[in-house]
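J.: This is target.csv, which holds CSV, C-alpha atoms:
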```csv
chain,number,residue,atom,x,y,z
A,1,MET,CA,-146.5,126.4,-125.0
A,2,THR,CA,-143.3,125.1,-126.6
A,3,LEU,CA,-142.0,128.6,-126.9
A,4,LYS,CA,-142.4,129.1,-123.2
A,5,LEU,CA,-140.6,125.9,-122.5
A,6,LEU,CA,-137.8,127.0,-124.7
A,7,PHE,CA,-137.6,130.4,-122.9
A,8,TRP,CA,-137.6,128.5,-119.5
A,9,ALA,CA,-134.7,126.4,-120.7
A,10,ILE,CA,-132.7,129.4,-122.0
A,11,THR,CA,-133.4,131.2,-118.7
A,12,LEU,CA,-132.2,128.3,-116.6
A,13,VAL,CA,-129.1,127.8,-118.7
A,14,ASP,CA,-128.3,131.6,-118.5
A,15,VAL,CA,-128.7,131.6,-114.7
A,16,ALA,CA,-126.7,128.4,-114.2
A,17,ILE,CA,-123.8,129.7,-116.3
A,18,ALA,CA,-123.8,133.0,-114.4
A,19,VAL,CA,-123.8,131.2,-111.1
A,20,ILE,CA,-120.9,128.9,-112.2
A,21,ILE,CA,-118.9,131.9,-113.3
A,22,PHE,CA,-119.6,133.9,-110.1
A,23,ILE,CA,-118.6,130.9,-107.9
A,24,SER,CA,-115.4,130.3,-109.8
A,25,ALA,CA,-114.6,134.0,-109.5
A,26,LEU,CA,-114.5,133.5,-105.8
A,27,SER,CA,-111.9,130.8,-106.1
A,28,SER,CA,-108.4,131.5,-105.1
A,29,ARG,CA,-107.2,130.0,-108.4
A,30,MET,CA,-108.9,132.9,-110.2
A,31,LEU,CA,-106.0,135.2,-109.1
A,32,ASP,CA,-103.6,133.1,-111.3
A,33,ILE,CA,-105.3,134.0,-114.6
A,34,PRO,CA,-104.6,137.4,-116.2
A,35,LEU,CA,-106.7,140.5,-115.3
A,36,TRP,CA,-108.3,140.7,-118.8
A,37,TYR,CA,-109.7,137.2,-118.5
A,38,ARG,CA,-111.2,138.0,-115.1
A,39,ILE,CA,-112.8,141.2,-116.3
A,40,GLY,CA,-114.2,139.4,-119.4
A,41,LEU,CA,-115.6,136.6,-117.3
A,42,LEU,CA,-117.3,138.8,-114.8
A,43,ILE,CA,-118.8,141.0,-117.5
A,44,THR,CA,-120.0,137.8,-119.3
A,45,ALA,CA,-121.6,136.5,-116.0
A,46,PHE,CA,-123.4,139.8,-115.5
A,47,GLY,CA,-124.7,139.7,-119.1
A,48,PHE,CA,-126.0,136.1,-118.5
A,49,THR,CA,-127.7,137.2,-115.3
A,50,VAL,CA,-129.4,140.2,-117.1
A,51,GLN,CA,-130.5,138.0,-120.0
A,52,GLY,CA,-132.1,135.6,-117.6
A,53,CYS,CA,-133.8,138.4,-115.7
A,54,LEU,CA,-135.2,139.9,-118.9
A,55,ASN,CA,-136.9,136.6,-119.7
A,56,LEU,CA,-138.6,136.3,-116.3
A,57,PRO,CA,-141.5,138.9,-116.9
A,58,TYR,CA,-142.4,137.1,-120.1
A,59,LEU,CA,-142.4,133.7,-118.4
A,60,LEU,CA,-144.2,134.7,-115.3
A,61,PHE,CA,-146.7,137.4,-116.4
A,62,ASN,CA,-146.8,137.2,-120.2
A,63,VAL,CA,-145.4,140.8,-120.4
A,64,ILE,CA,-142.9,141.4,-123.2
A,65,LEU,CA,-140.2,143.9,-122.1
A,66,MET,CA,-138.5,146.1,-124.6
A,67,ALA,CA,-134.8,145.2,-124.2
A,68,GLN,CA,-133.7,147.9,-126.6
A,69,GLU,CA,-133.9,150.7,-124.1
A,70,LEU,CA,-131.3,149.2,-121.8
A,71,PRO,CA,-129.5,146.4,-123.6
A,72,PHE,CA,-127.5,145.0,-120.7
A,73,TRP,CA,-127.8,141.6,-122.3
A,74,ILE,CA,-125.1,142.8,-124.7
A,75,LEU,CA,-122.6,142.6,-121.9
A,76,LYS,CA,-122.6,138.8,-122.5
A,77,ASP,CA,-121.2,139.4,-125.9
A,78,VAL,CA,-118.8,142.1,-124.8
A,79,GLY,CA,-117.3,139.9,-122.1
A,80,ILE,CA,-116.8,137.0,-124.6
A,81,GLY,CA,-115.2,139.5,-127.0
A,82,ILE,CA,-112.8,140.7,-124.3
A,83,ILE,CA,-111.7,137.2,-123.5
A,84,SER,CA,-111.3,136.4,-127.2
A,85,ILE,CA,-109.3,139.5,-128.0
A,86,TYR,CA,-107.0,139.0,-125.1
A,87,TYR,CA,-106.5,135.4,-126.1
A,88,PHE,CA,-105.7,136.4,-129.7
A,89,TRP,CA,-103.3,139.1,-128.5
A,90,HIS,CA,-101.6,136.7,-126.1
A,91,THR,CA,-101.1,134.0,-128.7
A,92,MET,CA,-99.9,136.4,-131.4
A,93,HIS,CA,-97.2,137.8,-129.1
A,94,LYS,CA,-96.2,134.5,-127.5
A,95,ASP,CA,-93.2,134.2,-129.9
A,96,ASP,CA,-91.8,137.6,-128.7
A,97,LYS,CA,-91.9,136.4,-125.1
A,98,SER,CA,-90.2,133.1,-125.8
A,99,SER,CA,-87.0,134.8,-126.9
A,100,LYS,CA,-86.9,137.0,-123.8
A,101,ALA,CA,-87.5,134.1,-121.4
A,102,PRO,CA,-84.9,133.8,-118.7
A,103,ILE,CA,-82.4,131.0,-119.1
A,104,ARG,CA,-83.0,128.2,-116.7
A,105,LYS,CA,-80.2,127.6,-114.3
A,106,LYS,CA,-78.9,124.0,-114.1
A,107,THR,CA,-79.3,122.6,-110.7
A,108,ALA,CA,-76.4,120.9,-108.9
A,109,GLY,CA,-76.2,117.2,-109.5
A,110,VAL,CA,-77.5,115.1,-106.7
A,111,LYS,CA,-75.1,112.5,-105.5
A,112,LYS,CA,-76.5,109.1,-106.1
A,113,THR,CA,-75.9,106.4,-103.6
A,114,PRO,CA,-74.2,103.3,-104.9
A,115,VAL,CA,-76.5,100.3,-105.4
A,116,ALA,CA,-75.1,96.8,-105.1
A,117,LYS,CA,-75.4,94.8,-108.3
A,118,LYS,CA,-77.5,91.8,-108.2
A,119,VAL,CA,-75.5,88.6,-108.6
A,120,PRO,CA,-77.3,86.0,-110.6
A,121,VAL,CA,-78.0,83.0,-108.3
A,122,ALA,CA,-77.2,79.6,-109.7
A,123,LYS,CA,-80.2,77.4,-110.1
A,124,LYS,CA,-80.4,74.6,-107.6
A,125,THR,CA,-80.0,71.2,-109.2
A,126,PRO,CA,-82.5,68.7,-108.0
A,127,THR,CA,-81.1,66.0,-105.8
A,128,PRO,CA,-81.5,62.5,-107.0
A,129,ARG,CA,-84.3,60.7,-105.3
A,130,ALA,CA,-84.3,57.2,-104.1
A,131,PRO,CA,-86.8,55.0,-105.8
A,132,ARG,CA,-90.1,54.4,-104.0
A,133,LYS,CA,-90.6,51.2,-102.2
A,134,LYS,CA,-93.2,49.0,-103.5
A,135,THR,CA,-95.8,48.1,-101.0
A,136,PRO,CA,-97.8,45.0,-101.2
A,137,ALA,CA,-101.4,45.4,-102.5
A,138,GLN,CA,-103.9,45.3,-99.8
```
Go ahead and render the structure in this file as structure tokens.
T.:
Amino acid sequence: MTLKLLFWAITLVDVAIAVIIFISALSSRMLDIPLWYRIGLLITAFGFTVQGCLNLPYLLFNVILMAQELPFWILKDVGIGIISIYYFWHTMHKDDKSSKAPIRKKTAGVKKTPVAKKVPVAKKTPTPRAPRKKTPAQ
């Protein structure tokens, strides 16, 4: 019983991760990241989907599939490997790119409008008050 609950949890996590990756792949911001990241993420999402689908026959019908014949679940590891290798390659060659970076042009200075200086205002001196008139007690 606890083994089936564990497989249900793993299957739901696999499917949820695959859905998140596929939805983010449809985002327009996905075009900003390098091609190798996109390829790695899509392969990883496909691997998560296959892993979840391979668990379903066991969970629903108690039938154990032999995943060794078509190990599509390995795509999950291949996709993560592609992302890791590209990241490693990119960080190792980052120093080479920094020397070839174009020199940034200085922008023309923007004219500043003159601002009037604040003149300190003298404190008002209190005016002397006349003493109060004493009123007879009632």
J.: What is the atom CA of A:Ala18-atom CA of A:Tyr37 distance in Å, reported with one decimal?
T.: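 Between these atoms lies a distance of 15.3 Å.
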J.: Using all atoms listed in the file, determine which residues lie at most 8 Å from A:Asp14, disregarding the query and same-chain residues fewer than 6 positions distant; provide the list as a PyMOL selection string.
T.: chain A and resi 48-49+51-52
J.: Using atom CA of A:Leu56 and atom CA of A:Leu3 as the two end points, give the distance in Å to one decimal.
T.: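 Taking atom CA of A:Leu56 as the start and atom CA of A:Leu3 as the end point, the length is 13.5 Å.
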J.: Between atom CA of A:Leu59 and atom CA of A:Ala9, what is the distance in Å, rounded to a tenth?
T.: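 Atom CA of A:Leu59 sits 10.9 Å away from atom CA of A:Ala9.
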J.: With all atoms listed in the file as the counted atoms, please give the residues lying no more than 12 Å from stretch 60-62 of chain A, apart from itself and same-chain residues fewer than 2 positions off, as an MDAnalysis selection string.
T.: chainID A and resid 1 3:5 7:8 11 53:58 64:65
J.: Find the spatial neighbours of A:Ile21, counting all atoms listed in the file, within a cut-off of 9 Å - ignore same-chain residues fewer than 6 positions away - and output them as a PyMOL selection string.
T.: chain A and resi 41-42+44-45
J.: Please dump the current selection as a PDB file, in the coordinates of the input; keep C-alpha atoms.
T.:
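Saved as part04.pdb:
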```pdb
ATOM      1  CA  LEU A  41    -115.600 136.600-117.300  1.00  0.00           C
ATOM      2  CA  LEU A  42    -117.300 138.800-114.800  1.00  0.00           C
ATOM      3  CA  THR A  44    -120.000 137.800-119.300  1.00  0.00           C
ATOM      4  CA  ALA A  45    -121.600 136.500-116.000  1.00  0.00           C
TER       5      ALA A  45
END
```
